[in-house]
file data27.txt (compact mmCIF, C-alpha atoms)
# COMPACT_ATOMS: atom_id res chain seq x y z
CA MET A 1 -144.89 82.38 -54.86
CA GLY A 2 -143.51 83.90 -58.06
CA GLY A 3 -145.03 84.65 -61.42
CA LEU A 4 -148.10 86.73 -62.12
CA GLU A 5 -149.64 86.09 -58.70
CA ALA A 6 -146.65 87.59 -56.89
CA ALA A 7 -146.36 90.52 -59.31
CA LEU A 8 -150.03 91.41 -58.84
CA ALA A 9 -149.77 91.05 -55.08
CA ALA A 10 -146.79 93.43 -54.97
CA THR A 11 -148.54 95.98 -57.18
CA GLY A 12 -151.68 95.69 -55.09
CA GLU A 13 -149.69 96.57 -51.97
CA ARG A 14 -148.24 99.68 -53.61
CA VAL A 15 -151.63 100.77 -54.91
CA ASP A 16 -153.05 100.29 -51.42
CA ALA A 17 -150.28 102.50 -50.00
CA ALA A 18 -151.06 105.17 -52.61
CA LEU A 19 -154.75 105.04 -51.74
CA LYS A 20 -153.99 105.48 -48.04
CA ALA A 21 -151.69 108.42 -48.79
CA ASN A 22 -154.35 110.08 -50.92
CA ALA A 23 -156.96 109.43 -48.23
CA ALA A 24 -154.75 111.31 -45.76
CA VAL A 25 -154.58 114.29 -48.14
CA THR A 26 -158.37 114.23 -48.51
CA ARG A 27 -158.84 114.24 -44.74
CA GLU A 28 -156.66 117.35 -44.33
CA LEU A 29 -158.38 119.14 -47.20
CA LYS A 30 -161.75 118.46 -45.58
CA LYS A 31 -160.41 119.98 -42.37
CA ALA A 32 -159.20 122.99 -44.34
CA LYS A 33 -162.61 123.38 -45.95
CA ALA A 34 -164.27 123.27 -42.54
CA GLY A 35 -161.82 125.80 -41.18
CA ALA A 36 -162.44 128.15 -44.10
CA GLY A 37 -166.18 127.75 -43.72
CA ARG A 38 -166.11 128.57 -40.01
CA GLY A 39 -163.33 131.11 -40.09
CA GLN A 40 -161.08 128.98 -37.85
CA LEU A 41 -157.87 130.47 -39.22
CA ARG A 42 -155.31 128.48 -37.27
CA ASP A 43 -157.06 125.22 -38.13
CA LEU A 44 -157.23 126.31 -41.77
CA ARG A 45 -153.52 127.10 -42.02
CA ARG A 46 -152.52 123.93 -40.16
CA ALA A 47 -154.70 121.72 -42.41
CA LEU A 48 -153.47 123.37 -45.62
CA SER A 49 -149.84 122.89 -44.57
CA ALA A 50 -150.44 119.24 -43.70
CA ALA A 51 -152.30 118.66 -46.97
CA THR A 52 -149.39 120.16 -48.94
CA THR A 53 -146.87 117.89 -47.20
CA LEU A 54 -149.04 114.82 -47.52
CA ALA A 55 -149.73 115.58 -51.18
CA GLY A 56 -146.02 115.17 -51.87
CA ASP A 57 -146.07 111.79 -50.11
CA ALA A 58 -149.17 110.80 -52.08
CA ALA A 59 -147.57 111.78 -55.38
CA ARG A 60 -144.51 109.66 -54.60
CA ALA A 61 -146.72 106.72 -53.57
CA ALA A 62 -148.74 107.04 -56.77
CA SER A 63 -145.56 107.18 -58.84
CA ASP A 64 -144.26 104.10 -57.03
CA ALA A 65 -147.51 102.27 -57.75
CA GLY A 66 -147.46 103.36 -61.37
CA GLY A 67 -144.02 101.86 -61.95
CA SER A 68 -144.54 98.74 -59.86
CA PHE A 69 -146.03 96.51 -62.55
CA GLY A 70 -143.19 95.82 -64.95
CA PHE A 71 -144.26 92.22 -65.46
CA ASP A 72 -143.94 90.81 -69.00
CA GLU A 73 -147.34 89.15 -69.26
CA GLN A 74 -146.97 88.45 -72.98
CA GLU A 75 -143.90 86.29 -72.45
CA HIS A 76 -145.44 84.67 -69.39
CA LEU A 77 -148.57 83.70 -71.31
CA GLU A 78 -146.78 82.59 -74.48
CA SER A 79 -144.06 80.53 -72.82
CA GLY A 80 -146.42 78.22 -70.95
CA SER A 81 -145.32 79.63 -67.59
CA TYR A 82 -148.81 80.98 -66.93
CA ALA A 83 -150.43 77.62 -67.62
CA GLN A 84 -147.98 76.00 -65.21
CA GLU A 85 -148.75 78.67 -62.63
CA LEU A 86 -152.44 77.87 -62.95
CA LEU A 87 -151.69 74.16 -62.47
CA ASP A 88 -149.58 74.91 -59.38
CA THR A 89 -152.25 77.23 -57.97
CA ALA A 90 -154.95 74.62 -58.57
CA THR A 91 -152.86 72.03 -56.73
CA ALA A 92 -152.38 74.43 -53.80
CA GLN A 93 -156.14 75.05 -53.66
CA ASP A 94 -156.93 71.32 -53.98
CA VAL A 95 -158.65 71.79 -57.36
CA ALA A 96 -158.07 69.03 -59.95
CA MET A 97 -156.61 70.38 -63.20
CA PHE A 98 -154.35 68.95 -65.88
CA GLU A 99 -153.09 69.65 -69.39
CA ALA A 100 -154.78 68.16 -72.45
CA ASP A 101 -154.18 69.05 -76.13
CA GLU A 102 -152.77 72.55 -75.47
CA ARG A 103 -155.60 73.23 -73.06
CA LEU A 104 -156.15 72.91 -69.35
CA LEU A 105 -158.98 70.72 -68.16
CA CYS A 106 -160.70 71.49 -64.87
CA TYR A 107 -164.00 69.61 -64.70
CA PRO A 108 -166.24 70.46 -66.43
CA SER A 109 -164.38 73.34 -68.07
CA LEU A 110 -161.71 73.50 -70.74
CA ILE A 111 -159.33 76.46 -70.54
CA LYS A 112 -157.21 77.84 -73.38
CA VAL A 113 -154.65 80.61 -72.83
CA LEU A 114 -154.91 83.45 -75.37
CA PRO A 115 -151.62 85.40 -75.12
CA GLY A 116 -152.48 87.87 -77.88
CA GLU A 117 -155.63 88.96 -76.04
CA ALA A 118 -154.31 88.88 -72.48
CA ALA A 119 -157.19 86.54 -71.68
CA VAL A 120 -158.16 82.93 -71.35
CA GLU A 121 -161.00 81.10 -73.02
CA ILE A 122 -163.19 78.99 -70.74
CA ASP A 123 -165.56 76.79 -72.71
CA ARG A 124 -165.31 79.28 -75.61
CA ARG A 125 -166.04 82.31 -73.44
CA ARG A 126 -163.42 85.03 -72.92
CA GLU A 127 -162.26 85.65 -69.37
CA ARG A 128 -159.86 88.50 -68.58
CA ARG A 129 -159.52 87.97 -64.85
CA LEU A 130 -156.10 86.35 -65.08
CA ARG A 131 -154.88 86.40 -61.50
CA PRO A 132 -154.24 82.67 -60.89
CA SER A 133 -155.85 82.51 -57.45
CA VAL A 134 -158.94 84.32 -58.76
CA LEU A 135 -159.25 82.24 -61.92
CA VAL A 136 -158.84 78.95 -60.08
CA GLY A 137 -161.47 80.14 -57.60
CA LEU A 138 -163.89 80.83 -60.46
CA LEU A 139 -163.27 77.37 -61.89
CA ALA A 140 -163.77 75.76 -58.49
CA SER A 141 -167.09 77.60 -58.11
CA SER A 142 -168.28 76.40 -61.51
CA GLN A 143 -167.71 72.81 -60.41
CA ALA A 144 -170.57 73.17 -57.96
CA LYS A 145 -172.99 73.98 -60.79
CA PRO A 146 -174.48 71.39 -63.16
CA PRO A 147 -172.70 71.42 -66.55
CA ARG A 148 -174.55 72.88 -69.53
CA PHE A 149 -174.58 69.70 -71.54
CA ARG A 150 -177.38 67.98 -73.47
CA PRO A 151 -176.65 64.25 -73.48
CA LYS A 152 -179.33 63.13 -75.97
CA PRO A 153 -178.21 65.23 -78.98
CA PHE A 154 -174.61 64.26 -78.29
CA LEU A 155 -175.57 60.59 -78.14
CA GLU A 156 -177.26 60.88 -81.55
CA SER A 157 -174.14 62.50 -83.05
CA LEU A 158 -172.00 59.78 -81.49
CA GLU A 159 -174.20 57.08 -83.02
CA SER A 160 -173.98 58.72 -86.47
CA GLY A 161 -170.20 58.93 -86.23
CA TYR A 162 -170.02 55.34 -85.07
CA ASP A 163 -172.07 54.11 -88.03
CA LEU A 164 -169.91 56.06 -90.47
CA VAL A 165 -166.68 54.61 -89.08
CA ARG A 166 -168.15 51.11 -89.12
CA SER A 167 -169.37 51.46 -92.72
CA GLN A 168 -166.01 52.81 -93.87
CA GLY A 169 -164.28 49.80 -92.38
CA ARG A 170 -167.02 47.43 -93.54
CA GLN A 171 -167.41 46.17 -90.01
CA ARG A 172 -170.28 44.07 -88.77
CA ASP A 173 -173.20 45.41 -86.73
CA ALA A 174 -172.31 46.10 -83.10
CA ALA A 175 -168.58 46.06 -83.89
CA VAL A 176 -166.32 47.95 -81.49
CA VAL A 177 -164.75 51.08 -83.01
CA ARG A 178 -162.17 53.46 -81.59
CA LEU A 179 -163.47 56.74 -80.27
CA VAL A 180 -160.60 58.66 -81.87
CA ASP A 181 -161.91 57.43 -85.23
CA VAL A 182 -165.42 58.59 -84.35
CA TRP A 183 -164.02 62.01 -83.43
CA GLY A 184 -162.19 62.02 -86.76
CA VAL A 185 -165.36 61.60 -88.81
CA LEU A 186 -167.27 64.09 -86.66
CA THR A 187 -164.63 66.73 -87.46
CA LEU A 188 -164.03 66.07 -91.16
CA LEU A 189 -164.53 69.63 -92.39
CA PRO A 190 -161.50 71.97 -92.47
CA GLY A 191 -160.88 73.63 -89.14
CA GLN A 192 -163.33 71.47 -87.22
CA GLN A 193 -160.63 69.56 -85.34
CA ARG A 194 -159.25 72.90 -84.17
CA ASP A 195 -162.72 74.08 -83.14
CA TYR A 196 -163.68 70.81 -81.47
CA THR A 197 -160.57 69.24 -79.98
CA ARG A 198 -159.97 65.74 -78.69
CA ALA A 199 -159.95 67.18 -75.17
CA GLU A 200 -163.42 68.65 -75.65
CA PHE A 201 -164.65 65.39 -77.16
CA ALA A 202 -163.25 63.41 -74.21
CA ARG A 203 -164.91 65.82 -71.76
CA ASP A 204 -168.26 65.35 -73.53
CA LEU A 205 -167.83 61.58 -73.48
CA TYR A 206 -167.45 61.71 -69.72
CA LEU A 207 -170.48 63.97 -69.33
CA LEU A 208 -172.51 61.55 -71.44
CA ASP A 209 -171.19 58.59 -69.49
CA SER A 210 -172.03 60.18 -66.15
CA SER A 211 -175.50 61.26 -67.34
CA GLY A 212 -176.66 57.65 -67.63
CA VAL A 213 -178.22 58.32 -71.06
CA ALA A 214 -177.32 55.36 -73.28
CA THR A 215 -180.31 54.51 -75.51
CA ALA A 216 -180.45 56.29 -78.87
CA LYS A 217 -183.64 57.10 -80.77
CA SER A 218 -182.96 54.06 -82.94
CA GLY A 219 -183.35 51.86 -79.89
CA ARG A 220 -179.71 50.81 -79.90
CA VAL A 221 -177.75 50.99 -76.67
CA LEU A 222 -174.34 52.58 -76.30
CA ARG A 223 -171.70 50.38 -74.71
CA TRP A 224 -168.24 51.48 -73.60
CA HIS A 225 -165.19 49.34 -74.30
CA ALA A 226 -161.70 49.39 -72.87
CA SER A 227 -158.71 47.51 -74.25
CA SER A 228 -154.96 47.51 -74.33
CA GLY A 229 -155.48 50.61 -76.46
CA THR A 230 -156.12 52.59 -73.28
CA ARG A 231 -152.35 52.64 -72.90
CA GLY A 232 -151.69 53.78 -76.46
CA SER A 233 -152.25 56.71 -78.78
CA GLY A 234 -155.93 55.92 -79.25
CA THR A 235 -156.78 56.80 -75.67
CA LEU A 236 -158.91 59.83 -74.84
CA ALA A 237 -158.31 61.19 -71.35
CA THR A 238 -160.33 63.61 -69.28
CA VAL A 239 -160.86 64.39 -65.63
CA ALA A 240 -163.85 63.17 -63.67
CA GLN A 241 -165.82 65.25 -61.21
CA THR A 242 -163.89 63.51 -58.43
CA GLY A 243 -160.62 64.74 -59.93
CA GLN A 244 -159.57 61.30 -61.15
CA HIS A 245 -158.39 60.66 -64.70
CA GLN A 246 -161.04 59.05 -66.89
CA LEU A 247 -159.96 57.10 -69.99
CA TYR A 248 -162.05 56.21 -73.04
CA TRP A 249 -161.07 54.00 -75.93
CA GLY A 250 -163.91 52.33 -77.86
CA ILE A 251 -167.69 52.08 -78.18
CA SER A 252 -170.35 49.99 -79.83
CA PHE A 253 -174.09 50.35 -80.37
CA THR A 254 -176.06 47.15 -79.91
CA GLU A 255 -179.72 46.24 -80.16
CA ARG A 256 -181.48 46.16 -76.84
CA SER A 257 -181.65 42.58 -75.61
call {"tool": "encode", "arguments": {"input": "data27.txt", "output": "structure tokens"}}
result
Amino acid sequence: MGGLEAALAATGERVDAALKANAAVTRELKKAKAGAGRGQLRDLRRALSAATTLAGDAARAASDAGGSFGFDEQEHLESGSYAQELLDTATAQDVAMFEADERLLCYPSLIKVLPGEAAVEIDRRRERRLRPSVLVGLLASSQAKPPRFRPKPFLESLESGYDLVRSQGRQRDAAVVRLVDVWGVLTLLPGQQRDYTRAEFARDLYLLDSSGVATAKSGRVLRWHASSGTRGSGTLATVAQTGQHQLYWGISFTERS
């Protein structure tokens, strides 16, 4: 395996060799200290000589470790190679992950690579443990925990956005509207679409869908609608807990029958 994973593995091996070399020096120095304390002169001289020789080996091992990590992480992060390495690592570890709107989606988390900070952002939290196998392991562990998501407030926001889209288009009650249009009105203020992306919106739609919460405070019931639009630009895609792609296109709110 190449990339950051291989570079870190190689550096780790050299650091381990340096640690072992330094441990050998420490052992001989401890023998020398014991010899000096007891007056065992031959043992003292033998241990000091061995420590001096081993110290040279340790210095070379430390120098080798110090120069072993010449990896250009900035280029790797900026070019998209790191994101691809994460995708490949996730596949190897049987963890579902895919790209969405310049982010990586690994249920229930959204990951954004931050090259300038040598970090990634996971659900708006900075994470600096970038080794692909480690990061994918963290994401896999988070899948076992219930997502921090409140379906009822999100449902109310969704209903408000739905009503605004319907009123703008002068559509009848219970009309079906596209979810991308609802996302558009929910992110009208400058910068909001950058702060709350389509990928995040799609993830929240799935979490709402899987929660089973569908009745708003108004008494109206959320209904999901698919159409030929699920194959077009109006489709919102996310990944389900099972790892399968989940597509969303339109919704309506109807009075309870």
call {"tool": "residues_around", "arguments": {"input": "data27.txt", "residues": "Ala65 in chain A", "least_positions_apart": "3", "cutoff": "7 Å", "atoms": "all atoms listed in the file", "output": "MDAnalysis selection string"}}
result
chainID A and resid 11 14:15 18 61:62 68
call {"tool": "residues_around", "arguments": {"input": "data27.txt", "residues": "Leu158 in chain A", "least_positions_apart": "3", "cutoff": "9 Å", "atoms": "all atoms listed in the file", "output": "PyMOL selection string"}}
result
chain A and resi 153-155+161-163+182-183+186
call {"tool": "closest_atom_pairs", "arguments": {"input": "data27.txt", "of": "range 44-163 of chain A", "to": "range 233-255 of chain A", "cutoff": "10 Å", "atoms": "all atoms listed in the file", "output": "Markdown table"}}
result
| residue | atom | partner | partner_atom | distance |
| --- | --- | --- | --- | --- |
| A:Asp94 | CA | A:Gly243 | CA | 9.6 |
| A:Val95 | CA | A:Gly243 | CA | 7.8 |
| A:Ala96 | CA | A:Gly243 | CA | 5.0 |
| A:Met97 | CA | A:Gly243 | CA | 7.7 |
| A:Phe98 | CA | A:Val239 | CA | 8.0 |
| A:Glu99 | CA | A:Thr238 | CA | 9.4 |
| A:Ala100 | CA | A:Thr238 | CA | 7.8 |
| A:Leu105 | CA | A:Val239 | CA | 7.1 |
| A:Cys106 | CA | A:Val239 | CA | 7.1 |
| A:Tyr107 | CA | A:Gln241 | CA | 5.9 |
| A:Pro108 | CA | A:Gln241 | CA | 7.4 |
| A:Ser109 | CA | A:Val239 | CA | 9.9 |
| A:Gln143 | CA | A:Gln241 | CA | 7.8 |
| A:Ala144 | CA | A:Gln241 | CA | 9.8 |
| A:Leu158 | CA | A:Ile251 | CA | 9.4 |
| A:Glu159 | CA | A:Phe253 | CA | 7.2 |
| A:Tyr162 | CA | A:Ser252 | CA | 7.5 |
| A:Asp163 | CA | A:Phe253 | CA | 8.8 |
call {"tool": "residues_near_point", "arguments": {"input": "data27.txt", "point": "(-151.0, 117.3, -48.7)", "cutoff": "12 Å", "atoms": "all atoms listed in the file", "output": "PyMOL selection string"}}
result
chain A and resi 21-32+46-60
call {"tool": "closest_residue", "arguments": {"input": "data27.txt", "among": "A:Ala118, A:Pro151, A:Glu102, A:Ala199", "to": "Arg131 in chain A", "atoms": "only C-alpha atoms"}}
result
A:Ala118
call {"tool": "residues_around", "arguments": {"input": "data27.txt", "residues": "range 88-91 of chain A", "least_positions_apart": "4", "cutoff": "10 Å", "atoms": "only C-alpha atoms", "output": "ChimeraX atom specification"}}
result
/A:1,5,82-84,95-98,106,132-137,139-140
call {"tool": "atom_distance", "arguments": {"input": "data27.txt", "atom1": "CA of Pro190 in chain A", "atom2": "CA of Pro147 in chain A"}}
result
28.2 Å
call {"tool": "atom_distance", "arguments": {"input": "data27.txt", "atom1": "CA of Ala6 in chain A", "atom2": "CA of Leu19 in chain A"}}
result
19.9 Å
